[in-house]
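File shown: target_32.txt (compact mmCIF, C-alpha atoms).
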# COMPACT_ATOMS: atom_id res chain seq x y z
CA MET V 458 -8.19 15.54 -6.61
CA LYS V 459 -7.11 14.18 -9.97
CA ASN V 460 -9.53 12.16 -12.07
CA ASN V 461 -7.22 10.65 -14.71
CA LYS V 462 -10.15 10.15 -17.11
CA ILE V 463 -11.93 7.66 -14.89
CA GLN V 464 -14.76 6.08 -16.84
CA ARG V 465 -16.55 4.14 -14.13
CA VAL V 466 -16.11 2.66 -10.68
CA VAL V 467 -17.95 -0.60 -10.06
CA ILE V 468 -18.55 -1.07 -6.33
CA LEU V 469 -19.08 -4.66 -5.20
CA GLY V 470 -20.77 -4.71 -1.82
CA ALA V 471 -22.23 -1.24 -2.32
CA ASN V 472 -24.40 -1.37 0.80
CA SER V 473 -21.50 -1.82 3.20
CA PHE V 474 -20.81 0.81 5.87
CA ILE V 475 -17.56 1.95 4.25
CA ALA V 476 -18.73 1.61 0.65
CA LYS V 477 -21.61 4.03 1.30
CA SER V 478 -19.13 6.65 2.50
CA ALA V 479 -16.87 6.08 -0.52
CA ILE V 480 -19.87 6.43 -2.85
CA LYS V 481 -20.79 9.77 -1.28
CA HIS V 482 -17.30 11.17 -1.85
CA LEU V 483 -16.87 9.67 -5.32
CA ARG V 484 -20.08 11.42 -6.36
CA LYS V 485 -18.61 14.73 -5.20
CA GLU V 486 -15.77 14.07 -7.65
CA LYS V 487 -18.38 13.44 -10.39
CA VAL V 488 -17.22 9.86 -10.88
CA LYS V 489 -19.70 7.51 -12.55
CA ILE V 490 -20.59 4.76 -10.10
CA ILE V 491 -22.10 1.35 -10.73
CA LYS V 492 -23.43 -0.06 -7.45
CA VAL V 493 -23.68 -3.82 -7.02
CA SER V 494 -25.17 -5.14 -3.79
CA ARG V 495 -25.75 -8.66 -2.48
CA LYS V 496 -29.41 -8.35 -3.44
CA GLN V 497 -28.40 -7.88 -7.07
CA ILE V 498 -25.67 -10.52 -7.16
CA ASP V 499 -24.93 -13.25 -4.65
CA PHE V 500 -21.16 -13.46 -5.07
CA HIS V 501 -21.09 -16.77 -3.25
CA ASN V 502 -23.29 -18.34 -5.93
CA LYS V 503 -21.18 -19.32 -8.94
CA ASN V 504 -24.08 -19.11 -11.36
CA SER V 505 -25.38 -15.81 -10.04
CA VAL V 506 -21.98 -14.14 -10.18
CA LYS V 507 -21.89 -14.62 -13.97
CA LYS V 508 -24.05 -11.49 -14.05
CA LEU V 509 -20.88 -9.57 -13.22
CA LYS V 510 -19.49 -10.29 -16.70
CA ILE V 511 -22.35 -8.25 -18.14
CA ILE V 512 -21.88 -5.32 -15.73
CA VAL V 513 -18.10 -4.75 -15.68
CA LYS V 514 -16.50 -3.24 -18.79
CA GLN V 515 -12.96 -2.90 -20.08
CA ASN V 516 -10.92 -0.24 -18.21
CA ASP V 517 -13.35 -0.10 -15.28
CA ILE V 518 -12.18 0.34 -11.72
CA VAL V 519 -13.49 -2.27 -9.28
CA PHE V 520 -13.81 -1.53 -5.57
CA LEU V 521 -14.47 -4.70 -3.58
CA SER V 522 -16.12 -4.24 -0.20
CA ALA V 523 -18.10 -7.50 -0.11
CA ALA V 524 -17.48 -9.88 2.78
CA LYS V 525 -19.30 -11.80 5.44
CA ALA V 526 -17.74 -10.32 8.56
CA PRO V 527 -16.40 -10.57 11.13
CA VAL V 528 -15.19 -14.10 10.42
CA LYS V 529 -15.81 -16.32 13.44
CA ASN V 530 -15.31 -19.83 12.09
CA ILE V 531 -13.84 -21.86 9.21
CA SER V 532 -17.16 -21.97 7.37
CA MET V 533 -17.25 -18.16 7.21
CA LEU V 534 -13.63 -18.08 6.07
CA ASN V 535 -14.37 -20.52 3.25
CA TYR V 536 -17.51 -18.58 2.35
CA ASN V 537 -15.48 -15.39 1.87
CA MET V 538 -12.81 -17.15 -0.18
CA THR V 539 -15.50 -18.54 -2.49
CA ILE V 540 -16.73 -14.97 -3.03
CA ILE V 541 -13.26 -13.90 -4.17
CA GLU V 542 -12.82 -16.95 -6.38
CA ASN V 543 -16.12 -16.34 -8.15
CA ILE V 544 -15.49 -12.63 -8.67
CA VAL V 545 -12.02 -13.19 -10.11
CA GLU V 546 -13.38 -15.88 -12.44
CA SER V 547 -16.07 -13.50 -13.69
CA LEU V 548 -13.53 -10.74 -14.38
CA LYS V 549 -10.96 -13.03 -16.01
CA ASN V 550 -11.04 -11.54 -19.51
CA ILE V 551 -11.64 -7.94 -18.49
CA ASN V 552 -8.70 -5.52 -18.44
CA LEU V 553 -9.34 -3.42 -15.33
CA LYS V 554 -7.75 -0.03 -14.73
CA GLN V 555 -7.51 -0.59 -10.97
CA PHE V 556 -8.72 -3.05 -8.33
CA ILE V 557 -9.32 -1.64 -4.84
CA TYR V 558 -9.66 -4.20 -2.05
CA LEU V 559 -11.05 -3.26 1.36
CA SER V 560 -9.00 -5.31 3.82
CA SER V 561 -8.35 -4.79 7.55
CA ASP V 562 -5.59 -3.98 10.02
CA ALA V 563 -6.35 -7.43 11.48
CA VAL V 564 -3.76 -8.88 9.07
CA TYR V 565 -0.89 -7.46 11.19
CA LYS V 566 0.96 -9.18 14.00
CA ASP V 567 0.78 -7.42 17.37
CA SER V 568 3.73 -5.15 18.07
CA LEU V 569 4.91 -2.75 20.74
CA LYS V 570 6.21 -0.58 17.90
CA LEU V 571 4.11 1.52 15.54
CA ILE V 572 2.63 -0.72 12.84
CA ASN V 573 3.14 0.40 9.24
CA GLU V 574 2.57 -1.10 5.80
CA ASN V 575 5.84 -3.03 6.02
CA SER V 576 5.07 -4.61 9.40
CA ILE V 577 4.76 -8.38 9.73
CA CYS V 578 1.44 -9.79 8.54
CA GLU V 579 0.72 -12.62 10.93
CA PRO V 580 -2.96 -12.46 11.97
CA ASP V 581 -4.09 -13.98 15.25
CA SER V 582 -7.73 -14.27 14.17
CA LEU V 583 -9.67 -16.04 11.42
CA HIS V 584 -10.94 -12.64 10.32
CA GLY V 585 -7.40 -11.39 9.75
CA LEU V 586 -6.43 -14.67 8.08
CA MET V 587 -9.35 -14.35 5.66
CA HIS V 588 -8.31 -10.86 4.62
CA LEU V 589 -4.66 -11.81 4.23
CA ALA V 590 -5.56 -14.84 2.09
CA ARG V 591 -7.81 -12.66 -0.08
CA GLU V 592 -5.06 -10.05 -0.41
CA LYS V 593 -2.49 -12.60 -1.55
CA TYR V 594 -4.87 -14.14 -4.07
CA LEU V 595 -5.82 -10.77 -5.55
CA LYS V 596 -2.16 -9.70 -5.70
CA SER V 597 -1.38 -12.80 -7.75
CA ILE V 598 -4.03 -11.75 -10.29
CA TYR V 599 -3.80 -7.94 -10.29
CA SER V 600 -0.18 -7.42 -9.26
CA ASP V 601 0.35 -4.05 -10.96
CA LYS V 602 -3.22 -2.75 -10.50
CA ILE V 603 -4.11 -3.73 -6.96
CA CYS V 604 -4.66 -1.17 -4.22
CA ILE V 605 -5.20 -2.67 -0.77
CA VAL V 606 -6.60 -0.52 2.03
CA ARG V 607 -6.33 -1.63 5.65
CA PRO V 608 -8.48 0.48 7.97
CA THR V 609 -8.36 0.05 11.71
CA LEU V 610 -11.47 0.24 13.95
CA VAL V 611 -14.01 2.32 12.03
CA TYR V 612 -16.60 4.46 13.81
CA GLY V 613 -19.56 6.52 12.65
CA LEU V 614 -23.33 6.61 12.57
CA ASN V 615 -25.25 3.65 11.12
CA ASP V 616 -22.47 1.13 11.71
CA PRO V 617 -24.19 -2.27 11.26
CA HIS V 618 -21.80 -4.22 13.51
CA ASN V 619 -22.34 -2.17 16.69
CA GLY V 620 -18.72 -2.88 17.58
CA TYR V 621 -17.26 -2.41 21.06
CA GLY V 622 -16.09 1.18 21.16
CA PRO V 623 -17.54 4.47 19.85
CA ASN V 624 -20.40 2.89 17.88
CA MET V 625 -21.75 0.74 20.71
CA PHE V 626 -21.03 3.29 23.43
CA LEU V 627 -22.88 6.05 21.56
CA ARG V 628 -26.00 3.93 21.19
CA LYS V 629 -25.96 2.95 24.84
CA ALA V 630 -25.55 6.57 25.96
CA GLN V 631 -28.39 7.69 23.70
CA LYS V 632 -30.65 4.96 25.11
CA LYS V 633 -29.69 5.86 28.69
CA GLN V 634 -28.07 2.47 29.20
CA ASN V 635 -24.91 1.66 31.14
CA ILE V 636 -21.70 1.39 29.14
CA GLU V 637 -19.99 -1.89 29.98
CA LEU V 638 -16.20 -1.92 29.83
CA PHE V 639 -13.96 -4.97 29.92
CA GLY V 640 -11.45 -4.81 32.77
CA LYS V 641 -10.76 -1.14 33.39
CA GLY V 642 -11.29 -0.22 29.76
CA GLU V 643 -7.57 0.49 29.65
CA GLU V 644 -6.56 -1.02 26.32
CA LYS V 645 -5.58 1.58 23.73
CA ARG V 646 -6.66 1.40 20.11
CA ASP V 647 -6.67 3.53 16.98
CA HIS V 648 -10.15 4.55 15.79
CA VAL V 649 -10.84 6.09 12.38
CA TYR V 650 -13.95 7.97 11.24
CA VAL V 651 -15.91 6.30 8.42
CA ASP V 652 -16.03 9.47 6.31
CA ASP V 653 -12.24 9.75 6.54
CA VAL V 654 -12.02 6.21 5.18
CA GLY V 655 -14.40 7.13 2.35
CA LYS V 656 -12.41 10.25 1.49
CA ILE V 657 -9.12 8.36 1.39
CA ILE V 658 -10.52 5.56 -0.77
CA THR V 659 -11.84 8.23 -3.15
CA PHE V 660 -8.39 9.85 -3.23
CA LEU V 661 -6.71 6.51 -4.02
CA ILE V 662 -9.19 5.86 -6.83
CA THR V 663 -9.09 9.32 -8.42
CA ASN V 664 -5.29 9.31 -8.31
CA ASN V 665 -5.02 5.70 -9.58
CA LEU V 666 -2.70 4.67 -6.76
CA THR V 667 -1.61 1.09 -6.17
CA GLY V 668 0.04 -0.74 -3.29
CA VAL V 669 -0.92 -1.12 0.38
CA PHE V 670 -2.24 1.74 2.49
CA ASN V 671 -3.21 1.72 6.15
CA ILE V 672 -6.12 4.00 6.99
CA THR V 673 -5.54 4.90 10.62
CA SER V 674 -5.84 8.12 12.60
CA GLY V 675 -2.36 7.76 14.08
CA SER V 676 -3.62 8.46 17.61
CA LEU V 677 -4.65 6.20 20.48
CA LEU V 678 -7.60 6.26 22.85
CA SER V 679 -8.50 3.87 25.62
CA PHE V 680 -12.04 2.51 25.69
CA LYS V 681 -12.53 4.21 29.04
CA GLN V 682 -11.58 7.56 27.49
CA ILE V 683 -14.16 7.02 24.76
CA ALA V 684 -16.84 6.07 27.29
CA LEU V 685 -16.10 9.23 29.28
CA MET V 686 -16.55 11.25 26.08
CA MET V 687 -20.05 9.83 25.81
CA LYS V 688 -20.78 11.17 29.30
CA LYS V 689 -19.43 14.58 28.32
CA PHE V 690 -21.05 15.00 24.90
CA ILE V 691 -24.09 12.69 24.85
CA ASN V 692 -25.47 11.88 28.29
CA PRO V 693 -23.88 13.08 31.55
CA ASN V 694 -25.90 10.51 33.49
CA THR V 695 -24.28 7.58 31.68
CA ILE V 696 -22.86 5.03 34.11
CA LEU V 697 -19.65 3.16 33.32
CA GLU V 698 -19.83 -0.48 34.39
CA PHE V 699 -16.58 -2.44 34.62
CA LYS V 700 -16.75 -6.18 33.86
CA LYS V 701 -14.21 -8.86 34.69
CA ARG V 702 -12.39 -10.15 31.63
CA ASN V 703 -13.02 -13.76 30.64
CA GLY V 704 -9.76 -14.01 28.71
CA PRO V 705 -6.55 -12.13 27.94
CA MET V 706 -6.65 -8.49 26.93
CA PRO V 707 -6.86 -8.21 23.11
CA HIS V 708 -3.60 -7.17 21.43
CA ASN V 709 -1.96 -6.94 24.87
CA GLY V 710 -3.82 -3.66 25.33
CA TYR V 711 -1.84 -1.76 22.68
CA ARG V 712 -2.34 -1.41 18.92
CA ALA V 713 -0.70 1.71 17.46
CA PHE V 714 -0.11 2.70 13.83
CA ASN V 715 2.09 4.92 11.73
CA ASN V 716 -0.04 6.62 9.04
CA LYS V 717 2.85 8.49 7.42
CA LYS V 718 2.47 6.77 4.04
CA ILE V 719 -1.08 7.92 3.32
CA LEU V 720 -0.44 11.42 4.67
CA GLU V 721 2.58 11.79 2.39
CA LYS V 722 0.31 11.02 -0.57
CA PHE V 723 -2.78 12.91 0.59
CA LYS V 724 -1.18 16.27 1.43
CA GLY V 725 -2.96 18.31 4.07
CA PHE V 726 -5.46 15.61 5.06
CA LYS V 727 -6.55 15.73 8.69
CA PHE V 728 -8.26 12.86 10.50
CA LYS V 729 -11.37 13.61 12.55
CA LYS V 730 -11.02 12.92 16.27
CA VAL V 731 -13.69 11.08 18.24
CA ASN V 732 -14.42 14.07 20.49
CA GLN V 733 -14.81 16.32 17.44
CA TRP V 734 -17.28 13.85 15.92
CA LEU V 735 -19.32 13.70 19.13
CA SER V 736 -19.38 17.48 19.52
CA GLU V 737 -20.89 17.78 16.03
CA LEU V 738 -23.74 15.31 16.58

Structure translated into C-alpha cells:
Amino acid sequence: MKNNKIQRVVILGANSFIAKSAIKHLRKEKVKIIKVSRKQIDFHNKNSVKKLKIIVKQNDIVFLSAAKAPVKNISMLNYNMTIIENIVESLKNINLKQFIYLSSDAVYKDSLKLINENSICEPDSLHGLMHLAREKYLKSIYSDKICIVRPTLVYGLNDPHNGYGPNMFLRKAQKKQNIELFGKGEEKRDHVYVDDVGKIITFLITNNLTGVFNITSGSLLSFKQIALMMKKFINPNTILEFKKRNGPMPHNGYRAFNNKKILEKFKGFKFKKVNQWLSEL
C-alpha cells in the first residue's frame, strides 16, 4: 500500500467494532494513530468536544466511526446529528488531509438490481436516514476531501450488536441454544467480514482516496444457509427453529450489491466467505 507521507490518523470512536479492525491494519502500515473514544470525549457534549481542537492538527486524517446505533427513534437521530455538528465545529479552522466517514448500506433504496455507489439513496429506516443526513452535511464541508464508506452487514468475533445473522447465530451455536429464524430464513443478504472492512478502510486512507465506496462481499447468503453453516462448523446438534414473521420481510428478501468499484481500486483483494471464517475458528 502507498503511504503518501501520512502524518497521523485521528480515529473518533476508536472503540467501535470496525474502528478496532482499521486500527489493527493501520498499525501494520506503520501509520501513527491517535485514538479518541467516548470515554475521552463525549462528542454529544458541546463543551467536552472542544478538547478535539487540542488533539487534531493541521494535515491530519480524521476517521469518524462514532455513532449511537442502530437508530430506532427521532431522539437517537437528533443525538447523532448533534455529534456531527459538534465535531465539525471543533475542526472548523483545521485543514485536514482527508475525512473518512463510516456510513452504512442502509442509505440505499431497495432494488431488484445490484446496488452500486450510484444507486438511489432513499433509506426506509431512521438509521439509514441518519447516515444519509450525516453524509450530506460532511460533503458540504469537506467536498474534495471526504471519503464515505458504506459497509453492508458486518460479521466477526466481538461484535457488540449481536445482530441477526452470523454474529448471533455463532453465539447461539456455541452456547448450545436453538437458532431462531424468521419465516423460513429465506431472505438473502450480503455479509462482509470485519477484517475485510478494516483492510479496505486502511487502503483508502493510505492511498488518500475520496468519494463513495461500498464495502460488500458481492455474494449473497440466506439466513438459513448461514444457520446450517453453524451446524456444520460449530455444533452439529444445533436446532433451527422457524418463527412466524410479525411483519413484512425486510428488503423484500433481497439485497444484492456490485462491489466492482472497490475491487478496481484495490487490485487482487479477495473477500473472506462466511464458511471460510467459521472453518478457521

Next on the checklist: For a test of reading the model, state the distance in Å between CA of Gly470 (chain V) and CA of Lys722 (chain V), rounded to one decimal.
Outcome noted: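 Interatomic distance, CA of Gly470 (chain V) to CA of Lys722 (chain V): 26.3 Å.
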
Next on the checklist: Set the distance at 10 Å and use all atoms listed in the file: which residues neighbour Glu737 (chain V) once local chain neighbours fewer than 4 positions away are removed? I'd like the list as a list in words.
Outcome noted: Phe690, Asn732 and Gln733 of chain V

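Near His584 (chain V), within a cut-off of 7 Å and counting all atoms listed in the file, sit the residues V:Pro527, V:Val528, V:Lys529, V:His588, with same-chain residues fewer than 4 positions away left out.
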
Item to check | Residue nearest Asn709 (chain V) - candidates V:Leu569, V:Ala523, V:Ile691, V:Val606, atoms counted: all atoms listed in the file | outcome: V:Leu569

Checklist entry - Hey, what's within 10 Å of region 593-600 of chain V if we count only C-alpha atoms and toss same-chain stuff fewer than 2 positions away? As a ChimeraX atom specification, please? => result /V:538,541-542,545,549,552-558,588-591,602-605,667-668

Emit the selected residues as a tab-separated table (two decimals), keeping the file's coordinate frame, including C-alpha atoms.
chain	number	residue	atom	x	y	z
V	538	MET	CA	-12.81	-17.15	-0.18
V	541	ILE	CA	-13.26	-13.90	-4.17
V	542	GLU	CA	-12.82	-16.95	-6.38
V	545	VAL	CA	-12.02	-13.19	-10.11
V	549	LYS	CA	-10.96	-13.03	-16.01
V	552	ASN	CA	-8.70	-5.52	-18.44
V	553	LEU	CA	-9.34	-3.42	-15.33
V	554	LYS	CA	-7.75	-0.03	-14.73
V	555	GLN	CA	-7.51	-0.59	-10.97
V	556	PHE	CA	-8.72	-3.05	-8.33
V	557	ILE	CA	-9.32	-1.64	-4.84
V	558	TYR	CA	-9.66	-4.20	-2.05
V	588	HIS	CA	-8.31	-10.86	4.62
V	589	LEU	CA	-4.66	-11.81	4.23
V	590	ALA	CA	-5.56	-14.84	2.09
V	591	ARG	CA	-7.81	-12.66	-0.08
V	602	LYS	CA	-3.22	-2.75	-10.50
V	603	ILE	CA	-4.11	-3.73	-6.96
V	604	CYS	CA	-4.66	-1.17	-4.22
V	605	ILE	CA	-5.20	-2.67	-0.77
V	667	THR	CA	-1.61	1.09	-6.17
V	668	GLY	CA	0.04	-0.74	-3.29

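We find CA of Val513 (chain V) and CA of Ser478 (chain V) to be spaced 21.5 Å apart.
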
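Each of V:Lys496, V:His482, V:His501, V:Arg607 was checked against Gly585 (chain V) using all atoms listed in the file; the smallest atom-to-atom distance is that of V:Arg607.
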
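Comparing the minimum interatomic distances between Ala713 (chain V) and each of V:Lys570, V:Lys633, V:Lys701, V:Arg628, counting only C-alpha atoms, we find that V:Lys570 sits nearest.
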
Checklist entry - If we count only C-alpha atoms, what is near region 572-579 of chain V at a cut-off of 6 Å, once residues fewer than 2 positions away on the same chain are taken out, given as a list in words? => result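 After dropping sequence-adjacent residues, the list is Val564, Tyr565, Lys566, Phe714 and Asn715 of chain V.
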
Next on the checklist: For Leu720 (chain V), find every residue with an atom within 12 Å (counting only C-alpha atoms), except residues of its own chain fewer than 4 positions away, and show them as a PyMOL selection string.
Outcome noted: chain V and resi 657+660-661+670-675+715-716+724-728
